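What follows is the content of my_file04.cif, which has mmCIF, C-alpha atoms:
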```cif
data_upload
loop_
_atom_site.label_atom_id
_atom_site.label_comp_id
_atom_site.auth_asym_id
_atom_site.auth_seq_id
_atom_site.Cartn_x
_atom_site.Cartn_y
_atom_site.Cartn_z
CA MET A 142 -6.18 -12.13 7.02
CA SER A 143 -6.74 -10.11 10.15
CA SER A 144 -5.40 -6.53 10.26
CA SER A 145 -4.19 -7.19 13.78
CA PRO A 146 -0.41 -6.69 13.94
CA GLU A 147 0.08 -10.26 15.13
CA PHE A 148 -0.84 -11.76 11.78
CA LEU A 149 0.16 -9.25 9.11
CA ILE A 150 2.82 -11.49 7.60
CA SER A 151 3.63 -15.16 7.99
CA GLN A 152 5.79 -16.31 10.87
CA GLU A 153 8.45 -17.27 8.36
CA ASP A 154 8.49 -13.74 6.91
CA GLU A 155 8.56 -12.26 10.42
CA LEU A 156 11.63 -14.33 11.26
CA ALA A 157 13.31 -13.34 8.00
CA LEU A 158 12.64 -9.67 8.74
CA HIS A 159 13.96 -10.06 12.28
CA ARG A 160 17.08 -11.76 10.93
CA ARG A 161 17.66 -8.74 8.68
CA LEU A 162 17.34 -6.42 11.69
CA VAL A 163 19.84 -8.52 13.65
CA HIS A 164 22.31 -8.47 10.75
CA GLY A 165 22.04 -4.68 10.44
CA ASP A 166 20.39 -4.66 6.99
CA VAL A 167 20.01 -0.93 6.29
CA THR A 168 16.59 -1.31 4.63
CA ALA A 169 15.04 -3.61 7.26
CA PHE A 170 13.56 -0.83 9.41
CA ALA A 171 11.78 0.72 6.42
CA ASP A 172 10.10 -2.66 5.84
CA LEU A 173 9.32 -3.12 9.52
CA ALA A 174 7.65 0.30 9.66
CA ARG A 175 5.79 -0.24 6.37
CA ILE A 176 4.36 -3.53 7.57
CA PHE A 177 3.61 -2.81 11.22
CA LEU A 178 3.30 0.92 11.95
CA ASP A 179 -0.27 1.64 10.80
CA SER A 180 -1.80 -1.46 12.31
CA LEU A 181 0.17 -1.06 15.53
CA ILE A 182 -1.24 2.46 15.96
CA LYS A 183 -4.73 1.21 15.15
CA TRP A 184 -4.35 -1.64 17.61
CA LEU A 185 -3.33 0.78 20.37
CA VAL A 186 -6.19 3.16 19.59
CA ASP A 187 -8.72 0.30 19.58
CA SER A 188 -7.28 -1.32 22.68
CA ASN A 189 -7.34 1.75 24.87
CA SER A 190 -9.85 4.25 26.09
CA ALA A 191 -11.27 6.63 23.49
CA SER A 192 -10.46 9.53 25.79
CA ILE A 193 -6.75 8.96 25.29
CA SER A 194 -5.02 11.08 22.66
CA LYS A 195 -4.18 9.33 19.41
CA ASP A 196 -0.82 11.13 19.42
CA LEU A 197 0.24 9.04 22.40
CA CYS A 198 -0.65 5.85 20.50
CA ILE A 199 1.40 7.03 17.52
CA GLU A 200 4.37 7.85 19.74
CA ALA A 201 4.17 4.52 21.55
CA ALA A 202 3.95 2.55 18.29
CA GLU A 203 6.94 4.46 16.93
CA ASP A 204 8.85 3.89 20.19
CA ALA A 205 8.28 0.14 19.96
CA LEU A 206 9.57 -0.07 16.39
CA ILE A 207 12.60 2.15 17.09
CA ALA A 208 13.46 0.15 20.22
CA LEU A 209 13.38 -3.08 18.21
CA VAL A 210 15.67 -1.84 15.42
CA LYS A 211 18.16 -0.51 17.98
CA ASN A 212 18.08 -3.67 20.01
CA PRO A 213 16.81 -6.52 17.79
CA ALA A 214 17.90 -9.11 20.37
CA SER A 215 15.10 -7.91 22.65
CA PHE A 216 12.82 -10.14 20.58
CA ASN A 217 13.64 -13.75 21.35
CA ARG A 218 12.62 -15.66 18.24
CA ASP A 219 13.20 -18.99 19.99
CA ALA A 220 10.51 -18.27 22.59
CA GLY A 221 7.81 -19.05 20.03
CA LYS A 222 6.14 -15.67 20.24
CA ARG A 223 5.15 -13.91 17.01
CA LEU A 224 6.98 -10.68 16.15
CA GLY A 225 3.67 -8.83 15.73
CA GLU A 226 2.53 -10.01 19.14
CA TYR A 227 5.82 -8.90 20.68
CA LEU A 228 5.47 -5.45 19.08
CA CYS A 229 1.94 -5.10 20.47
CA MET A 230 3.12 -5.87 23.98
CA SER A 231 6.14 -3.61 23.61
CA ALA A 232 4.02 -0.75 22.25
CA GLN A 233 1.49 -1.22 25.03
CA GLY A 234 4.32 -1.02 27.56
CA ASP A 235 5.65 2.13 25.92
CA PHE A 236 2.15 3.55 25.86
CA ARG A 237 1.75 3.07 29.61
CA ASN A 238 5.15 4.54 30.28
CA LEU A 239 4.21 7.60 28.21
CA LEU A 240 0.98 7.99 30.14
CA ARG A 241 2.85 7.73 33.40
CA LYS A 242 5.48 10.17 32.18
CA GLU A 243 2.92 12.75 31.23
CA GLY A 244 1.11 12.35 34.52
CA ARG A 245 -2.01 11.21 32.75
CA HIS A 246 -2.01 7.64 33.90
CA ARG A 247 -5.51 6.79 34.99
CA LYS A 248 -5.95 3.13 35.65
CA LYS A 249 -9.67 3.14 34.98
CA SER A 250 -9.39 4.61 31.52
CA LEU A 251 -6.82 2.09 30.43
CA GLU A 252 -9.01 -0.66 29.10
CA VAL A 253 -6.72 -3.07 27.43
CA VAL A 254 -8.69 -5.54 25.36
CA GLU A 255 -6.11 -8.24 25.35
CA LEU A 256 -4.25 -8.50 28.63
CA SER A 257 -1.51 -11.00 28.27
CA SER A 258 -0.36 -13.23 31.10
CA GLU A 259 3.04 -11.77 30.39
CA ASP A 260 1.70 -8.24 30.77
CA GLY A 261 4.41 -5.88 31.95
CA LYS A 262 7.24 -8.06 30.78
CA TYR A 263 7.96 -5.72 27.90
CA LEU A 264 7.79 -2.48 29.85
CA VAL A 265 11.13 -1.45 28.51
CA THR A 266 11.42 1.81 26.61
CA ASP A 267 15.05 2.61 26.86
CA ASP A 268 17.12 1.62 23.87
CA ASP A 269 20.21 -0.46 24.29
CA PRO A 270 22.37 2.14 26.05
CA SER A 271 25.67 0.96 24.65
CA LEU A 272 24.77 1.33 20.97
CA PRO A 273 23.90 5.06 20.83
CA LEU A 274 26.90 5.78 23.06
CA GLN A 275 29.15 3.90 20.69
CA ILE A 276 27.76 5.83 17.72
CA GLN A 277 28.05 9.10 19.66
CA GLU A 278 31.69 8.48 20.57
CA GLU A 279 32.54 7.49 17.01
CA SER A 280 30.70 10.50 15.69
CA GLU A 281 32.39 12.94 18.08
CA ARG A 282 35.79 11.52 17.26
CA ALA A 283 35.11 11.94 13.54
CA GLY A 284 33.85 15.49 14.11
CA ARG A 285 36.96 16.43 16.06
CA GLU A 286 39.08 15.21 13.16
CA ILE A 287 37.05 16.92 10.45
CA ILE A 288 36.56 20.43 11.84
CA PRO A 289 40.23 21.53 12.01
CA VAL A 290 40.94 20.21 8.50
CA VAL A 291 37.87 21.83 6.98
CA SER A 292 38.48 25.16 8.67
CA ASP A 293 42.24 25.18 8.03
CA GLY A 294 43.22 28.12 5.84
CA LEU A 295 39.77 29.70 5.75
CA SER A 296 39.56 33.46 6.06
CA GLU A 297 37.76 34.97 9.04
CA GLY A 298 34.63 35.53 6.95
CA GLU A 299 34.73 32.02 5.51
CA SER A 300 35.08 30.58 9.03
CA ARG A 301 31.95 32.49 10.01
CA VAL A 302 30.19 30.98 6.99
CA LEU A 303 31.26 27.50 8.14
CA ASP A 304 29.80 28.21 11.59
CA LEU A 305 26.56 29.38 9.98
CA ILE A 306 26.35 26.22 7.83
CA LEU A 307 26.80 24.14 10.98
CA GLN A 308 24.00 26.11 12.64
CA GLY A 309 21.70 25.30 9.71
CA GLU A 310 21.50 28.91 8.46
CA ARG A 311 20.01 29.25 4.97
CA LYS A 312 19.53 32.99 4.36
CA THR A 313 21.89 34.53 1.81
CA SER A 314 21.67 37.89 3.59
CA VAL A 315 23.03 36.37 6.81
CA PHE A 316 25.93 34.75 4.95
CA ALA A 317 26.62 38.04 3.15
CA GLN A 318 26.75 39.85 6.45
CA ALA A 319 29.19 37.28 7.82
CA LEU A 320 31.42 37.79 4.80
CA GLY A 321 31.23 41.56 5.11
CA ILE A 322 29.79 41.98 1.60
CA ASP A 323 26.40 43.25 2.62
CA HIS A 324 26.97 46.46 0.65
CA LEU A 325 27.32 44.67 -2.73
CA PRO A 326 24.43 44.45 -5.24
CA LYS A 327 22.13 41.47 -4.66
CA LYS A 328 23.36 39.46 -7.65
CA GLU A 329 27.04 39.83 -6.76
CA LYS A 330 26.27 39.05 -3.12
CA THR A 331 24.53 35.82 -4.10
CA VAL A 332 27.37 34.76 -6.40
CA GLU A 333 30.00 35.37 -3.73
CA VAL A 334 28.01 33.67 -0.98
CA ASN A 335 27.45 30.63 -3.20
CA ARG A 336 31.13 30.52 -4.12
CA VAL A 337 32.20 30.45 -0.46
CA LYS A 338 29.49 27.95 0.51
CA ASN A 339 30.48 25.64 -2.33
CA LYS A 340 34.15 25.89 -1.36
CA ILE A 341 33.29 24.83 2.21
CA LYS A 342 30.88 22.11 1.10
CA LYS A 343 33.56 20.65 -1.16
CA ARG A 344 35.97 20.59 1.78
CA ILE A 345 33.39 18.84 3.96
CA ASP A 346 32.65 16.30 1.22
CA ARG A 347 36.34 15.60 0.68
CA ARG A 348 37.03 15.04 4.37
CA LYS A 349 34.11 12.64 4.63
CA THR A 350 35.23 10.54 1.67
CA GLY A 351 38.80 10.58 2.95
CA ASP A 352 40.05 12.29 -0.21
CA GLY A 353 42.41 14.94 1.04
CA HIS A 354 42.96 16.74 -2.28
CA GLU A 355 42.23 20.42 -2.19
CA SER A 356 41.40 22.48 -5.25
CA MET B 31 -2.10 15.32 5.90
CA ALA B 32 1.13 13.50 6.68
CA THR B 33 0.98 9.72 6.79
CA ASN B 34 2.17 7.79 9.81
CA LEU B 35 5.34 6.85 7.94
CA GLU B 36 6.04 10.51 7.11
CA HIS B 37 5.47 11.40 10.77
CA LEU B 38 7.93 8.70 11.82
CA ALA B 39 10.50 9.89 9.26
CA ARG B 40 10.26 13.46 10.61
CA ARG B 41 10.70 12.20 14.16
CA LEU B 42 13.93 10.47 13.12
CA GLU B 43 15.48 13.64 11.67
CA ASP B 44 17.51 14.22 14.84
CA ASP B 45 18.65 10.61 15.20
CA PRO B 46 21.87 9.84 13.29
CA PHE B 47 21.03 6.14 13.45
CA PHE B 48 18.58 6.75 10.57
CA LEU B 49 19.00 8.30 7.12
CA ALA B 50 16.37 10.96 7.84
CA CYS B 51 19.03 12.83 9.84
CA PRO B 52 21.86 13.22 7.29
CA LEU B 53 19.38 13.73 4.46
CA LYS B 54 17.74 16.61 6.30
CA LEU B 55 21.11 18.22 7.00
CA TYR B 56 22.16 17.81 3.38
CA ALA B 57 18.88 19.33 2.20
CA GLU B 58 19.41 22.28 4.55
CA SER B 59 22.94 22.82 3.26
CA GLU B 60 21.63 22.89 -0.31
CA GLY B 61 18.54 24.94 0.47
CA LEU B 62 16.28 22.08 -0.70
CA ASN B 63 12.94 20.91 0.62
CA GLU B 64 11.83 17.26 0.72
CA ASP B 65 10.21 17.41 -2.71
CA SER B 66 13.23 18.91 -4.41
CA LEU B 67 15.62 16.49 -2.73
CA ALA B 68 13.40 13.58 -3.83
CA ALA B 69 13.48 15.00 -7.36
CA GLN B 70 17.28 15.28 -7.20
CA MET B 71 17.41 11.64 -6.13
CA CYS B 72 15.08 10.75 -9.04
CA CYS B 73 12.49 9.14 -6.79
CA SER B 74 8.88 9.67 -5.71
CA LYS B 75 8.04 11.32 -2.40
CA GLU B 76 6.79 7.94 -1.12
CA ALA B 77 10.10 6.28 -1.95
CA PHE B 78 11.94 9.20 -0.33
CA VAL B 79 10.08 8.57 2.94
CA PHE B 80 11.21 4.94 2.89
CA VAL B 81 14.78 6.02 2.22
CA CYS B 82 14.58 8.30 5.28
CA LEU B 83 13.48 5.30 7.35
CA CYS B 84 16.57 3.31 6.42
CA ARG B 85 19.35 2.78 8.87
CA ALA B 86 22.32 5.06 8.17
CA PRO B 87 25.38 3.29 6.76
CA MET B 88 28.10 3.50 9.41
CA GLY B 89 30.86 1.19 8.26
CA GLY B 90 34.02 1.68 6.23
CA HIS B 91 34.16 2.67 2.58
CA GLU B 92 33.28 -0.76 1.15
CA THR B 93 30.39 -1.47 3.51
CA PHE B 94 29.16 2.09 3.02
CA GLN B 95 29.05 1.66 -0.74
CA ASP B 96 27.32 -1.74 -0.42
CA ASP B 97 24.68 -0.20 1.81
CA ILE B 98 24.15 2.70 -0.59
CA GLU B 99 23.71 0.29 -3.50
CA ARG B 100 21.24 -1.79 -1.49
CA ILE B 101 19.12 1.24 -0.61
CA ALA B 102 19.35 2.68 -4.13
CA ALA B 103 18.31 -0.59 -5.73
CA LYS B 104 15.43 -1.23 -3.33
CA PHE B 105 13.86 2.22 -3.61
CA SER B 106 15.04 3.12 -7.13
CA VAL B 107 16.99 6.21 -6.19
CA ASP B 108 20.14 7.68 -7.75
CA SER B 109 22.98 6.08 -5.81
CA ASP B 110 25.49 8.85 -6.53
CA VAL B 111 23.21 11.60 -5.25
CA LEU B 112 22.28 9.45 -2.26
CA ALA B 113 25.93 8.77 -1.37
CA GLU B 114 26.87 12.43 -1.67
CA ALA B 115 23.90 13.52 0.42
CA ILE B 116 24.60 11.00 3.19
CA ARG B 117 28.32 11.77 3.33
CA ARG B 118 27.76 15.51 3.54
CA GLY B 119 24.89 15.16 6.00
CA GLN B 120 26.89 12.87 8.29
CA ALA B 121 29.89 15.20 8.15
CA ILE B 122 27.74 18.19 9.09
CA PHE B 123 26.18 16.22 11.94
CA GLU B 124 29.57 15.19 13.28
CA MET B 125 30.91 18.72 13.03
CA ARG B 126 27.85 20.19 14.74
CA ARG B 127 28.08 17.68 17.57
CA SER B 128 31.74 18.35 18.00
CA ALA B 129 31.17 22.12 17.95
CA ASN B 130 28.40 21.76 20.55
CA ALA B 131 30.62 19.58 22.75
CA ALA B 132 33.40 22.17 22.51
CA ALA B 133 30.98 24.96 23.43
CA ILE B 134 29.75 23.01 26.47
CA LEU B 135 33.33 22.29 27.52
CA MET B 136 34.23 25.97 27.17
CA ALA B 137 31.21 26.96 29.25
CA ALA B 138 32.16 24.40 31.91
CA ARG B 139 35.74 25.70 31.96
CA ASP B 140 34.48 29.27 32.26
CA GLY B 141 32.37 28.15 35.22
CA ASP B 142 35.37 26.50 36.88
CA LYS B 143 37.49 29.59 36.29
CA LYS B 144 34.81 31.83 37.77
CA ARG B 145 34.44 29.59 40.82
CA THR B 146 38.22 29.47 41.36
CA THR B 147 38.43 33.27 41.12
CA GLU B 148 35.58 33.65 43.58
CA GLU B 149 37.18 31.16 45.99
CA LYS B 150 40.48 33.00 45.76
CA GLY B 151 38.67 36.24 46.46
CA GLU B 152 37.08 34.73 49.55
CA ASN B 153 40.41 33.40 50.83
CA ASN B 154 42.19 36.73 50.23
CA PRO B 155 39.97 39.45 51.61
#
```

Kindly return the structure encoded in the file as structure tokens.
Amino acid sequence: MSSSPEFLISQEDELALHRRLVHGDVTAFADLARIFLDSLIKWLVDSNSASISKDLCIEAAEDALIALVKNPASFNRDAGKRLGEYLCMSAQGDFRNLLRKEGRHRKKSLEVVELSSEDGKYLVTDDDPSLPLQIQEESERAGREIIPVVSDGLSEGESRVLDLILQGERKTSVFAQALGIDHLPKKEKTVEVNRVKNKIKKRIDRRKTGDGHES
Amino acid sequence: MATNLEHLARRLEDDPFFLACPLKLYAESEGLNEDSLAAQMCCSKEAFVFVCLCRAPMGGHETFQDDIERIAAKFSVDSDVLAEAIRRGQAIFEMRRSANAAAILMAARDGDKKRTTEEKGENNP
């Protein structure tokens, strides 16, 4: 079997994998990446000038896979084209767009080994615009509902801790400062910070599961 | 050196479409690194990378649980820990986004207010 992305798995398996992507199977992208990512990167590296950074090939291969999982219908299984072949063309398109974007597009150094007659057809990098927007709106709506409930009844210090959690803060000393307990011995400080953090985390967890009970 | 799959998983940490995002936020909230979160989920680091590459469950309670079970069974991870991590991570993401949106809105309103005050000042010398 060739290591070229076009023939990594049988056409039947490709169609089954694509079907899983279309149906929103949560594990399908992990399989897609496991099967195609390495060879797609290698194909791009081999197909283009050695002077081009490998990082760009990696980014383009990743772009092609991400674009497919977000818009599986972009691959038309009825057209007879193999999924691997489609990914190569898509990645090559993404690769060129990246070159152009970075102002490093030099026609002469782009020596594509296999120029398809349909070259340029897959020069689409943008994901389906409606899907991320939909997720974003849903996410923002959920966030608006969660924040007031989680923060309801928290003391001023606890509210500051919530803000710090949302900012990704991890240092106990920062949390202690926010709670105004910086003067306490280290052990007591840690216990109190953990108590408040756990209280807030429990509230967050409860709101997410829809269980409104408060301890 | 990170594998290509690990590189991809890291890239997806800011994209809520994938599990890498809520899992990273959960790990942050617990002060865990990738290795310790993988250990908590009772899986290898390799399996953890594949879990990060999964699409994030987005549906209602029943679909969410089905998706968790599917991921847990496929990559042999603890489904309870996985569910808790995803729920918390998604909640933190939603709250952060909402807080950011509110901050932007406040800044925009401040800008409007400032402009209005300036305009008034110009009209009333």

6 Å contact set for stretch 39-56 of chain B, only C-alpha atoms, chain neighbours under 3 positions out, as a tab-separated table (two decimals) with C-alpha atoms, in the frame of the given file:
```
chain	number	residue	atom	x	y	z
B	36	GLU	CA	6.04	10.51	7.11
B	59	SER	CA	22.94	22.82	3.26
B	82	CYS	CA	14.58	8.30	5.28
B	83	LEU	CA	13.48	5.30	7.35
B	84	CYS	CA	16.57	3.31	6.42
B	85	ARG	CA	19.35	2.78	8.87
B	86	ALA	CA	22.32	5.06	8.17
B	115	ALA	CA	23.90	13.52	0.42
B	116	ILE	CA	24.60	11.00	3.19
B	119	GLY	CA	24.89	15.16	6.00
B	120	GLN	CA	26.89	12.87	8.29
```

Calculate, to one decimal in Å, the centre and edge lengths of the box along x, y and z of the file that holds all listed atoms of stretch 95-99 of chain B with 4 Å of margin on each side, and present them as AutoDock Vina command-line options.
```
--center_x 26.4 --center_y 0.5 --center_z -0.8 --size_x 13.3 --size_y 12.4 --size_z 13.3
```

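Atom CA of A:Glu155 to atom CA of B:Leu38 spans 21.0 Å [interatomic distance, one decimal].
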
Target residues per the PyMOL selection byres ((chain B) within 7 of (chain A)), formatted as number ranges by chain: B: 34, 38, 58-59, 61, 80, 83-87, 97, 101, 117-118, 121-122, 124-128

So how many Å separate atom CA of B:Phe78 and atom CA of A:Ser194, to one decimal? 28.6 Å

For the PyMOL selection byres ((chain B and resi 107) around 12), applied here, can you spell out every residue it catches as a PyMOL selection string? chain B and resi 67-82+98-106+108-113

Just the number, please: distance in Å from atom CA of A:Val302 to atom CA of A:Phe316, one decimal.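 Atom CA of A:Val302 sits 6.0 Å away from atom CA of A:Phe316.
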